file protein.txt (compact mmCIF, C-alpha atoms)
# COMPACT_ATOMS: atom_id res chain seq x y z
CA MET A 1178 4.40 63.63 -32.74
CA LYS A 1179 4.98 67.29 -33.40
CA THR A 1180 1.64 67.33 -35.18
CA ILE A 1181 -0.24 66.81 -31.94
CA ASP A 1182 1.72 69.57 -30.20
CA ILE A 1183 0.97 71.92 -33.07
CA ILE A 1184 -2.74 71.07 -33.00
CA HIS A 1185 -2.78 71.70 -29.25
CA ASP A 1186 -0.96 75.03 -29.72
CA GLU A 1187 -3.36 76.17 -32.40
CA HIS A 1188 -6.37 75.07 -30.35
CA ARG A 1189 -5.03 77.04 -27.38
CA ALA A 1190 -4.57 80.19 -29.45
CA LEU A 1191 -8.07 79.87 -30.91
CA ALA A 1192 -9.59 79.04 -27.53
CA ALA A 1193 -7.95 82.13 -26.02
CA VAL A 1194 -9.59 84.37 -28.63
CA LEU A 1195 -12.94 82.56 -28.29
CA GLN A 1196 -12.86 82.97 -24.52
CA ALA A 1197 -12.09 86.67 -24.88
CA LEU A 1198 -14.91 87.05 -27.43
CA ARG A 1199 -17.37 85.45 -25.01
CA PHE A 1200 -16.21 87.82 -22.25
CA VAL A 1201 -16.56 90.92 -24.43
CA VAL A 1202 -20.01 89.97 -25.75
CA ASN A 1203 -21.24 89.10 -22.24
CA GLU A 1204 -20.01 92.47 -20.97
CA ILE A 1205 -21.78 94.30 -23.82
CA ARG A 1206 -25.01 92.38 -23.11
CA SER A 1207 -24.88 93.29 -19.42
CA GLY A 1208 -24.25 96.94 -20.24
CA LYS A 1209 -20.78 97.03 -18.66
CA LEU A 1210 -18.98 97.60 -21.93
CA LYS A 1211 -19.60 99.70 -25.01
CA ALA A 1212 -19.08 97.84 -28.27
CA ASP A 1213 -15.62 98.39 -29.72
CA PHE A 1214 -16.11 97.41 -33.35
CA ARG A 1215 -12.40 97.44 -34.10
CA LEU A 1216 -11.95 94.76 -31.45
CA LEU A 1217 -15.00 92.70 -32.47
CA THR A 1218 -13.94 92.84 -36.12
CA ALA A 1219 -10.40 91.76 -35.23
CA MET A 1220 -11.75 88.83 -33.18
CA VAL A 1221 -14.15 87.65 -35.87
CA ASP A 1222 -11.43 88.05 -38.47
CA TYR A 1223 -9.05 85.92 -36.39
CA ILE A 1224 -11.53 83.10 -35.77
CA THR A 1225 -12.43 83.09 -39.46
CA GLN A 1226 -8.99 83.36 -41.03
CA VAL A 1227 -6.81 81.29 -38.71
CA PRO A 1228 -8.90 78.10 -38.81
CA GLU A 1229 -9.51 78.50 -42.53
CA LYS A 1230 -5.98 79.42 -43.64
CA VAL A 1231 -3.71 77.95 -40.98
CA HIS A 1232 -5.37 75.24 -38.93
CA HIS A 1233 -7.91 73.28 -40.95
CA PRO A 1234 -5.89 72.90 -44.16
CA LYS A 1235 -3.21 70.97 -42.27
CA GLU A 1236 -5.77 68.68 -40.66
CA ASP A 1237 -7.80 68.26 -43.86
CA ASN A 1238 -4.83 67.70 -46.17
CA TYR A 1239 -2.37 65.71 -44.07
CA LEU A 1240 -3.72 64.25 -40.83
CA PHE A 1241 -7.22 63.28 -41.88
CA PRO A 1242 -6.37 61.40 -45.11
CA LYS A 1243 -3.61 59.37 -43.46
CA LEU A 1244 -5.73 58.53 -40.44
CA ARG A 1245 -8.74 57.71 -42.61
CA SER A 1246 -6.64 55.15 -44.47
CA ARG A 1247 -5.52 53.51 -41.21
CA SER A 1248 -8.70 53.30 -39.12
CA LYS A 1249 -12.34 52.65 -39.96
CA GLN A 1250 -13.44 54.05 -36.65
CA ALA A 1251 -11.48 57.22 -37.31
CA ALA A 1252 -12.92 57.50 -40.82
CA GLU A 1253 -16.44 57.92 -39.42
CA LEU A 1254 -15.26 60.57 -36.99
CA ILE A 1255 -13.31 62.38 -39.71
CA ASP A 1256 -16.46 62.61 -41.84
CA ILE A 1257 -18.10 64.44 -38.94
CA LEU A 1258 -15.11 66.70 -38.32
CA GLU A 1259 -14.71 67.61 -41.97
CA GLY A 1260 -18.38 68.54 -42.03
CA GLN A 1261 -17.80 70.70 -38.97
CA HIS A 1262 -14.92 72.49 -40.69
CA VAL A 1263 -17.23 73.46 -43.54
CA ALA A 1264 -20.10 74.38 -41.22
CA GLY A 1265 -17.77 76.37 -38.97
CA TYR A 1266 -16.59 78.51 -41.86
CA ARG A 1267 -20.19 79.20 -42.92
CA MET A 1268 -20.99 80.25 -39.36
CA THR A 1269 -18.09 82.69 -39.27
CA VAL A 1270 -19.28 84.26 -42.53
CA GLU A 1271 -22.74 84.71 -40.98
CA LEU A 1272 -21.07 86.09 -37.88
CA LEU A 1273 -19.20 88.67 -39.90
CA GLN A 1274 -22.41 89.70 -41.68
CA ALA A 1275 -24.21 90.05 -38.35
CA LEU A 1276 -21.32 92.13 -37.02
CA LEU A 1277 -21.47 94.46 -40.04
CA HIS A 1278 -25.21 94.80 -39.49
CA TYR A 1279 -24.69 95.52 -35.79
CA GLN A 1280 -22.14 98.17 -36.66
CA SER A 1281 -24.51 99.74 -39.18
CA VAL A 1282 -27.68 99.83 -37.12
CA GLY A 1283 -26.25 100.11 -33.60
CA ALA A 1284 -27.75 98.51 -30.48
CA ALA A 1285 -30.72 97.07 -32.41
CA GLY A 1286 -28.32 94.75 -34.19
CA PHE A 1287 -26.69 93.35 -31.07
CA SER A 1288 -29.20 90.61 -30.31
CA ALA A 1289 -28.75 88.83 -33.66
CA PHE A 1290 -24.96 89.10 -33.39
CA ASP A 1291 -25.05 87.88 -29.78
CA THR A 1292 -27.15 84.85 -30.74
CA LEU A 1293 -24.75 83.88 -33.52
CA VAL A 1294 -21.73 84.33 -31.26
CA GLN A 1295 -23.22 82.03 -28.63
CA GLN A 1296 -24.11 79.43 -31.28
CA TYR A 1297 -20.63 79.62 -32.75
CA LEU A 1298 -18.97 79.33 -29.35
CA ASP A 1299 -21.05 76.26 -28.41
CA PHE A 1300 -20.38 74.72 -31.80
CA ASN A 1301 -16.66 75.38 -31.69
CA TRP A 1302 -16.10 74.23 -28.10
CA GLN A 1303 -17.75 70.96 -29.06
CA HIS A 1304 -15.61 70.69 -32.19
CA LEU A 1305 -12.36 71.38 -30.33
CA ASN A 1306 -13.36 68.96 -27.60
CA GLN A 1307 -14.16 66.23 -30.12
CA GLU A 1308 -10.77 66.64 -31.77
CA GLU A 1309 -8.94 66.67 -28.43
CA THR A 1310 -10.75 63.79 -26.77
CA GLU A 1311 -11.69 61.54 -29.71
CA LEU A 1312 -9.59 62.28 -32.77
CA LEU A 1313 -6.14 62.68 -31.22
CA PRO A 1314 -6.33 59.54 -29.03
CA LEU A 1315 -7.44 57.55 -32.10
CA ALA A 1316 -4.61 59.04 -34.14
CA ARG A 1317 -2.06 58.10 -31.47
CA GLU A 1318 -3.23 54.51 -31.60
CA ALA A 1319 -3.69 54.08 -35.32
CA LEU A 1320 -0.73 55.87 -36.90
CA SER A 1321 2.75 54.41 -37.14
CA GLU A 1322 5.99 56.27 -36.46
CA GLU A 1323 6.54 56.50 -40.19
CA ASP A 1324 3.06 57.98 -40.66
CA TRP A 1325 3.77 60.57 -37.98
CA ALA A 1326 7.11 61.52 -39.48
CA GLY A 1327 5.44 62.41 -42.77
CA ILE A 1328 2.59 64.34 -41.14
CA ASP A 1329 4.98 66.10 -38.74
CA ALA A 1330 7.04 67.38 -41.66
CA GLU A 1331 3.98 68.87 -43.34
CA PHE A 1332 2.67 70.39 -40.11
CA SER A 1333 6.05 71.86 -39.17
CA ALA A 1334 6.19 73.79 -42.40
CA ASN A 1335 3.36 75.97 -41.13
CA PHE A 1336 3.75 75.99 -37.38
CA ASP A 1337 3.11 79.32 -35.73
CA PRO A 1338 -0.58 79.80 -34.96
CA TYR A 1339 -0.04 83.43 -34.04
CA ALA A 1340 1.95 84.41 -37.09
CA GLY A 1341 0.46 82.38 -39.95
CA ALA A 1342 2.49 81.32 -42.95
CA GLU A 1343 3.40 84.91 -43.86
CA GLY A 1344 3.35 86.32 -40.34
CA GLU A 1345 0.05 88.00 -41.13
CA PHE A 1346 -1.77 86.98 -37.96
CA LYS A 1347 0.87 88.01 -35.44
CA GLU A 1348 -0.15 91.64 -35.54
CA LEU A 1349 -3.84 90.72 -35.51
CA PHE A 1350 -3.41 88.58 -32.40
CA GLY A 1351 -1.38 91.33 -30.71
CA ARG A 1352 -4.07 93.89 -31.45
CA ILE A 1353 -6.72 91.61 -29.97
CA VAL A 1354 -4.63 91.18 -26.80
CA ASN A 1355 -4.07 94.93 -26.50
CA MET A 1356 -7.70 95.92 -27.13
CA THR A 1357 -9.50 93.25 -25.08
CA PRO A 1358 -10.39 94.79 -21.71
CA ALA A 1359 -8.60 93.53 -18.60
CA PRO A 1360 -8.51 91.02 -17.03
CA TYR A 1361 -8.90 88.98 -20.23
CA GLY A 1362 -6.65 91.31 -22.23
CA LEU A 1363 -4.51 94.38 -21.74
CA GLY A 1364 -7.08 97.02 -22.65
CA PRO A 1365 -8.73 99.28 -20.08
CA ALA A 1366 -11.42 97.51 -18.03
CA GLY A 1367 -14.97 98.43 -19.05
CA MET B 592 28.23 76.42 -26.66
CA ALA B 593 30.46 78.11 -24.07
CA GLU B 594 29.52 77.41 -20.49
CA LEU B 595 27.65 80.11 -18.58
CA LEU B 596 26.44 78.42 -15.42
CA GLU B 597 27.33 75.20 -13.68
CA LEU B 598 25.85 73.76 -10.51
CA GLU B 599 27.50 70.76 -9.01
CA ASN B 600 26.00 68.90 -6.03
CA VAL B 601 24.38 72.03 -4.65
CA TRP B 602 22.52 71.87 -1.35
CA ALA B 603 20.61 74.98 -0.24
CA GLY B 604 17.58 76.12 1.74
CA TYR B 605 16.28 78.62 4.24
CA GLY B 606 17.72 78.82 7.77
CA ASP B 607 18.38 75.29 8.93
CA ALA B 608 15.90 73.78 6.47
CA VAL B 609 17.36 72.11 3.41
CA ILE B 610 15.12 72.46 0.34
CA LEU B 611 17.47 71.66 -2.54
CA GLU B 612 19.46 68.46 -2.39
CA ASP B 613 22.38 67.57 -4.61
CA ILE B 614 21.39 69.71 -7.59
CA SER B 615 23.64 69.53 -10.65
CA PHE B 616 23.19 70.95 -14.14
CA ARG B 617 24.97 73.02 -16.76
CA LEU B 618 23.76 75.86 -18.92
CA GLY B 619 25.56 77.30 -21.92
CA GLU B 620 25.65 80.91 -23.11
CA ALA B 621 22.32 81.66 -24.85
CA ASP B 622 21.01 78.25 -23.79
CA SER B 623 17.48 77.70 -22.47
CA LEU B 624 16.17 75.55 -19.65
CA ALA B 625 12.63 74.68 -18.57
CA LEU B 626 12.59 74.20 -14.81
CA LEU B 627 9.62 72.02 -13.99
CA GLY B 628 7.98 70.35 -11.02
CA ARG B 629 4.81 70.40 -8.99
CA ASN B 630 4.17 73.15 -6.43
CA GLY B 631 6.61 73.17 -3.54
CA MET B 632 9.24 71.01 -5.22
CA GLY B 633 11.98 73.65 -5.06
CA LYS B 634 11.79 75.49 -8.38
CA THR B 635 11.56 79.00 -6.95
CA THR B 636 14.13 78.09 -4.29
CA LEU B 637 16.55 77.14 -7.04
CA LEU B 638 16.11 80.52 -8.75
CA SER B 639 16.44 82.24 -5.36
CA THR B 640 19.65 80.31 -4.76
CA LEU B 641 21.06 81.57 -8.05
CA MET B 642 20.15 85.12 -6.98
CA GLY B 643 21.67 84.67 -3.52
CA ALA B 644 18.43 84.80 -1.57
CA THR B 645 18.77 81.44 0.19
CA ARG B 646 21.30 79.83 2.48
CA PHE B 647 23.87 78.02 0.36
CA LYS B 648 24.91 74.87 2.26
CA SER B 649 27.39 73.06 0.05
CA GLY B 650 28.37 72.24 -3.52
CA ARG B 651 29.76 74.31 -6.35
CA MET B 652 28.01 77.05 -8.28
CA THR B 653 30.00 78.81 -10.97
CA TYR B 654 29.01 81.55 -13.39
CA ARG B 655 31.39 82.10 -16.32
CA GLY B 656 33.97 80.25 -14.28
CA GLN B 657 33.53 82.49 -11.24
CA ASP B 658 32.38 81.12 -7.87
CA LEU B 659 28.83 82.50 -7.68
CA ALA B 660 28.23 81.35 -4.10
CA VAL B 661 30.58 84.00 -2.71
CA VAL B 662 29.06 86.87 -4.72
CA PRO B 663 26.59 88.84 -2.56
CA ALA B 664 22.98 89.01 -3.79
CA HIS B 665 23.29 92.63 -4.97
CA GLY B 666 26.38 91.76 -7.00
CA ARG B 667 24.69 89.03 -9.00
CA ALA B 668 22.59 91.43 -11.07
CA GLN B 669 25.81 93.26 -11.93
CA LEU B 670 27.28 89.99 -13.14
CA GLY B 671 24.42 89.70 -15.60
CA LEU B 672 21.67 87.74 -13.83
CA GLY B 673 18.20 89.16 -14.45
CA TRP B 674 15.33 87.91 -12.32
CA VAL B 675 11.58 88.23 -12.91
CA PRO B 676 10.10 86.99 -9.63
CA GLN B 677 6.55 85.69 -9.28
CA GLU B 678 5.61 88.82 -7.32
CA ARG B 679 6.78 90.96 -10.29
CA ASP B 680 8.14 93.64 -7.90
CA ILE B 681 7.57 96.62 -10.13
CA PHE B 682 7.80 100.11 -8.62
CA PRO B 683 4.21 101.29 -8.11
CA SER B 684 5.08 104.95 -7.72
CA LEU B 685 7.15 105.21 -10.89
CA THR B 686 5.77 105.46 -14.41
CA VAL B 687 6.18 102.57 -16.82
CA GLU B 688 9.04 104.37 -18.55
CA GLU B 689 10.72 105.23 -15.26
CA ASN B 690 10.42 101.59 -14.19
CA LEU B 691 12.30 100.68 -17.36
CA THR B 692 14.96 103.36 -17.42
CA VAL B 693 15.84 103.30 -13.74
CA VAL B 694 17.42 99.85 -14.10
CA ALA B 695 18.79 100.18 -17.64
CA ARG B 696 22.31 99.04 -18.45
CA PRO B 697 24.12 99.35 -21.75
CA GLY B 698 23.55 96.54 -24.23
CA PRO B 699 21.37 95.38 -27.09
CA TRP B 700 18.14 95.91 -25.14
CA HIS B 701 17.13 99.57 -25.02
CA LEU B 702 13.86 101.44 -24.67
CA LYS B 703 12.97 101.47 -28.35
CA ARG B 704 13.55 97.76 -28.74
CA ILE B 705 11.53 97.07 -25.59
CA TYR B 706 8.65 99.13 -26.95
CA ASP B 707 8.85 97.28 -30.26
CA LEU B 708 8.48 94.01 -28.37
CA PHE B 709 5.83 95.28 -25.94
CA PRO B 710 3.82 97.92 -27.83
CA ARG B 711 1.32 98.03 -24.99
CA LEU B 712 4.00 99.36 -22.64
CA GLU B 713 4.72 102.24 -24.99
CA GLU B 714 1.03 103.14 -24.96
CA ARG B 715 1.15 103.06 -21.16
CA ARG B 716 4.57 104.71 -20.78
CA ALA B 717 3.22 107.60 -18.68
CA ASN B 718 1.04 105.44 -16.41
CA MET B 719 2.18 104.61 -12.89
CA GLY B 720 3.16 101.03 -12.10
CA ASN B 721 0.15 100.58 -9.82
CA GLN B 722 -2.24 101.59 -12.60
CA LEU B 723 -1.41 98.56 -14.71
CA SER B 724 -3.45 95.39 -15.06
CA GLY B 725 -1.91 92.06 -14.04
CA GLY B 726 -0.94 91.25 -17.62
CA GLU B 727 0.63 94.67 -18.13
CA GLN B 728 2.55 94.32 -14.87
CA GLN B 729 3.93 90.97 -16.00
CA MET B 730 5.02 92.50 -19.29
CA LEU B 731 6.65 95.39 -17.45
CA ALA B 732 8.45 92.98 -15.10
CA MET B 733 9.83 91.07 -18.08
CA ALA B 734 10.71 94.23 -19.97
CA ARG B 735 12.49 95.64 -16.94
CA ALA B 736 14.59 92.50 -16.62
CA LEU B 737 15.57 92.81 -20.30
CA MET B 738 16.59 96.46 -19.81
CA VAL B 739 19.29 95.19 -17.43
CA ASN B 740 20.72 93.40 -20.50
CA PRO B 741 21.23 90.15 -18.61
CA LYS B 742 23.33 87.25 -19.76
CA LEU B 743 21.02 84.93 -17.82
CA LEU B 744 17.31 85.68 -17.50
CA LEU B 745 15.35 83.89 -14.76
CA LEU B 746 11.58 83.85 -15.27
CA ASP B 747 9.54 82.54 -12.34
CA GLU B 748 6.06 81.43 -13.45
CA PRO B 749 5.52 84.40 -15.76
CA LEU B 750 2.17 83.04 -16.95
CA GLU B 751 0.66 82.45 -13.53
CA GLY B 752 -2.79 83.92 -13.01
CA LEU B 753 -3.03 85.49 -16.46
CA ALA B 754 -5.91 85.07 -18.93
CA PRO B 755 -5.29 82.71 -21.87
CA LEU B 756 -5.11 85.55 -24.39
CA ILE B 757 -2.28 87.24 -22.47
CA VAL B 758 -0.59 83.87 -21.85
CA GLN B 759 -0.43 83.23 -25.58
CA GLU B 760 1.04 86.67 -26.25
CA LEU B 761 3.64 86.29 -23.50
CA LEU B 762 4.60 82.83 -24.75
CA ARG B 763 5.25 84.34 -28.16
CA ILE B 764 7.43 87.06 -26.63
CA ILE B 765 9.32 84.58 -24.43
CA GLY B 766 9.87 82.37 -27.49
CA GLN B 767 11.33 85.35 -29.35
CA THR B 768 13.59 86.20 -26.41
CA VAL B 769 14.85 82.62 -26.16
CA SER B 770 15.50 82.32 -29.87
CA SER B 771 17.27 85.72 -30.07
CA GLY B 772 20.38 83.97 -28.75
CA GLU B 773 21.34 87.07 -26.78
CA MET B 774 20.96 85.55 -23.34
CA ALA B 775 20.39 82.27 -21.58
CA VAL B 776 16.94 81.76 -20.08
CA ILE B 777 15.73 79.61 -17.19
CA LEU B 778 11.97 79.41 -17.26
CA VAL B 779 9.96 78.09 -14.31
CA GLU B 780 6.44 77.00 -15.19
CA GLN B 781 3.72 74.60 -14.09
CA HIS B 782 2.49 74.12 -17.63
CA ALA B 783 5.12 71.91 -19.20
CA HIS B 784 3.38 71.53 -22.53
CA GLN B 785 3.54 75.27 -23.09
CA ILE B 786 7.20 75.84 -22.34
CA LEU B 787 8.94 72.64 -23.40
CA PRO B 788 8.63 73.63 -27.08
CA LEU B 789 10.43 76.90 -26.28
CA THR B 790 13.47 75.51 -24.47
CA ARG B 791 16.39 73.26 -25.39
CA GLN B 792 16.89 71.64 -21.98
CA ALA B 793 14.58 70.61 -19.16
CA LEU B 794 15.11 69.89 -15.49
CA VAL B 795 12.41 68.30 -13.34
CA LEU B 796 12.54 68.66 -9.56
CA GLU B 797 10.80 66.40 -7.08
CA ARG B 798 11.13 67.18 -3.38
CA GLY B 799 14.17 69.29 -4.04
CA ARG B 800 16.00 66.69 -6.11
CA VAL B 801 16.59 66.39 -9.83
CA VAL B 802 14.59 63.50 -11.32
CA PHE B 803 15.10 64.44 -14.96
CA SER B 804 17.82 66.40 -16.68
CA GLY B 805 18.00 66.31 -20.46
CA GLU B 806 16.61 67.64 -23.69
CA SER B 807 13.17 69.24 -23.63
CA GLU B 808 12.21 67.33 -26.75
CA THR B 809 12.94 64.00 -25.04
CA LEU B 810 10.79 64.92 -22.07
CA ARG B 811 8.03 66.30 -24.28
CA LYS B 812 7.67 62.92 -25.96
CA ASP B 813 7.60 60.99 -22.67
CA ARG B 814 3.97 61.39 -21.69
CA ALA B 815 4.10 58.74 -18.98
CA GLN B 816 6.95 60.44 -17.09
CA LEU B 817 5.45 63.88 -17.57
CA ASP B 818 2.23 62.61 -16.03
CA LYS B 819 4.10 60.97 -13.19
CA TRP B 820 6.30 63.94 -12.31
CA LEU B 821 4.06 66.82 -13.17
CA GLY B 822 0.55 65.39 -13.20
CA VAL B 823 -0.20 67.71 -16.04
CA GLY B 824 -2.70 65.47 -17.80
CA VAL B 825 -0.49 65.70 -20.81
CA HIS B 826 -2.22 65.17 -24.08
call {"tool": "encode", "arguments": {"input": "protein.txt", "output": "structure tokens"}}
result
Amino acid sequence: MKTIDIIHDEHRALAAVLQALRFVVNEIRSGKLKADFRLLTAMVDYITQVPEKVHHPKEDNYLFPKLRSRSKQAAELIDILEGQHVAGYRMTVELLQALLHYQSVGAAGFSAFDTLVQQYLDFNWQHLNQEETELLPLAREALSEEDWAGIDAEFSANFDPYAGAEGEFKELFGRIVNMTPAPYGLGPAG
Amino acid sequence: MAELLELENVWAGYGDAVILEDISFRLGEADSLALLGRNGMGKTTLLSTLMGATRFKSGRMTYRGQDLAVVPAHGRAQLGLGWVPQERDIFPSLTVEENLTVVARPGPWHLKRIYDLFPRLEERRANMGNQLSGGEQQMLAMARALMVNPKLLLLDEPLEGLAPLIVQELLRIIGQTVSSGEMAVILVEQHAHQILPLTRQALVLERGRVVFSGESETLRKDRAQLDKWLGVGVH
């Protein structure tokens, strides 16, 4: 079940960026850190692009349809998760707009951005948790070895969550690591 | 794959205490091994034994056909063993670049290549070792071990205590190092699910004894045994 390992890997990479985003925004709110818009933009870009271009297409196109055809219980859950994929993308677009606004108007724009970040983090933690604790156990039960072999092959073709299909996200992830202040990243502490 | 390291029925420990009992495994040139087990099961002691920092009681330990047990600790680095201990042991009063160059040996790993792999270290090249964050220190410790151009790299819990963002970046770098095929790697970690995908072989220790020795992929699929031996709450 390489698919499950890959989903876990991609969730871990996303969760690492989300955790760092929460840290940075909390530090800005408490006045310990000055906003670094290059870092915030890189983070929002990562959490928009990687789910949309790397992670969700594999789930939506390969895992979900097969699992939907094998389990009624899973089909109901998949409806919810697919809806969350769409909603999550919309939220990241709003997040990017709020970030641009924050960058344009300065401190006055932080509150709206902060609110959207917190909403997105809550939403996404719940989504990741639902996939980890509900979807994957159901998939393990419902799918046959043959099913997994087919899904594994598709997932393996686009494996690296840090690089993306063309290696385009490797540099982005590295920049986020280098710019995020210690101890969450390698950048200078605030 | 030509053989690099072979341990046969090795017993070792500290003073009179025996920690490792009857350890056997083989590692090829450019091979990779995940060394797993709960805390206190002997993983670090096994690495220390390879580096000559424990009391070797009995058994056979050969490196490229040479009896490693009779080589003094300081001679093992010269043979090509590179060790990144948990404590990192970087020199606090030297700059990042001095930390790297002071240990350098000829080979495919040189300063430019290290800086390509760890761009953050290049940015911090003039900073003293004690001015680095924990994540930067871990990167420097790894980079320094690579500058020795080892044939066998021993990494002892390189991800311990680091934030998830840095863990992910280090995993990527370790994966690149393993797949470069330029050295063999033994990787000690608590988090099996993160390192089994990077290594070809796995060895699980329980109370100083080997309870699993085989392919990482086989162990990765065996959730019940992983739970039993490592209690990792595997997915």
call {"tool": "closest_residue", "arguments": {"input": "protein.txt", "among": "A:Leu1293, A:Ile1328, A:Val1202, A:Ile1353", "to": "chain B", "atoms": "all atoms listed in the file"}}
result
A:Ile1353
call {"tool": "interface_residues", "arguments": {"input": "protein.txt", "of": "chain A", "to": "chain B", "cutoff": "12 Å", "atoms": "only C-alpha atoms", "output": "short mmCIF file (atom, residue, chain, number, x, y, z; two decimals) with C-alpha atoms, in the coordinates of the input"}}
result
data_model
loop_
_atom_site.label_atom_id
_atom_site.label_comp_id
_atom_site.auth_asym_id
_atom_site.auth_seq_id
_atom_site.Cartn_x
_atom_site.Cartn_y
_atom_site.Cartn_z
CA MET A 1178 4.40 63.63 -32.74
CA LYS A 1179 4.98 67.29 -33.40
CA THR A 1180 1.64 67.33 -35.18
CA ILE A 1181 -0.24 66.81 -31.94
CA ASP A 1182 1.72 69.57 -30.20
CA ILE A 1183 0.97 71.92 -33.07
CA ILE A 1184 -2.74 71.07 -33.00
CA HIS A 1185 -2.78 71.70 -29.25
CA ASP A 1186 -0.96 75.03 -29.72
CA GLU A 1187 -3.36 76.17 -32.40
CA HIS A 1188 -6.37 75.07 -30.35
CA ARG A 1189 -5.03 77.04 -27.38
CA ALA A 1190 -4.57 80.19 -29.45
CA LEU A 1191 -8.07 79.87 -30.91
CA ALA A 1192 -9.59 79.04 -27.53
CA ALA A 1193 -7.95 82.13 -26.02
CA VAL A 1194 -9.59 84.37 -28.63
CA LEU A 1195 -12.94 82.56 -28.29
CA GLN A 1196 -12.86 82.97 -24.52
CA ALA A 1197 -12.09 86.67 -24.88
CA LEU A 1198 -14.91 87.05 -27.43
CA PHE A 1200 -16.21 87.82 -22.25
CA MET A 1220 -11.75 88.83 -33.18
CA GLU A 1308 -10.77 66.64 -31.77
CA GLU A 1309 -8.94 66.67 -28.43
CA THR A 1310 -10.75 63.79 -26.77
CA GLU A 1311 -11.69 61.54 -29.71
CA LEU A 1312 -9.59 62.28 -32.77
CA LEU A 1313 -6.14 62.68 -31.22
CA PRO A 1314 -6.33 59.54 -29.03
CA ARG A 1317 -2.06 58.10 -31.47
CA PHE A 1336 3.75 75.99 -37.38
CA ASP A 1337 3.11 79.32 -35.73
CA PRO A 1338 -0.58 79.80 -34.96
CA TYR A 1339 -0.04 83.43 -34.04
CA ALA A 1340 1.95 84.41 -37.09
CA LYS A 1347 0.87 88.01 -35.44
CA GLU A 1348 -0.15 91.64 -35.54
CA LEU A 1349 -3.84 90.72 -35.51
CA PHE A 1350 -3.41 88.58 -32.40
CA GLY A 1351 -1.38 91.33 -30.71
CA ARG A 1352 -4.07 93.89 -31.45
CA ILE A 1353 -6.72 91.61 -29.97
CA VAL A 1354 -4.63 91.18 -26.80
CA ASN A 1355 -4.07 94.93 -26.50
CA MET A 1356 -7.70 95.92 -27.13
CA THR A 1357 -9.50 93.25 -25.08
CA PRO A 1358 -10.39 94.79 -21.71
CA ALA A 1359 -8.60 93.53 -18.60
CA PRO A 1360 -8.51 91.02 -17.03
CA TYR A 1361 -8.90 88.98 -20.23
CA GLY A 1362 -6.65 91.31 -22.23
CA LEU A 1363 -4.51 94.38 -21.74
CA GLY A 1364 -7.08 97.02 -22.65
CA PRO A 1365 -8.73 99.28 -20.08
CA ALA A 1366 -11.42 97.51 -18.03
#
call {"tool": "residues_around", "arguments": {"input": "protein.txt", "residues": "Ile765 of chain B", "least_positions_apart": "4", "cutoff": "8 Å", "atoms": "only C-alpha atoms", "output": "list of chain:residue names"}}
result
B:Leu761, B:Val769, B:Leu789
call {"tool": "residues_around", "arguments": {"input": "protein.txt", "residues": "segment 599-601 of chain B", "least_positions_apart": "3", "cutoff": "7 Å", "atoms": "only C-alpha atoms", "output": "PyMOL selection string"}}
result
chain B and resi 612-616+649-652
call {"tool": "closest_residue", "arguments": {"input": "protein.txt", "among": "B:Ala644, B:Leu691, B:Val675, B:Leu611", "to": "Pro749 of chain B", "atoms": "all atoms listed in the file"}}
result
B:Val675
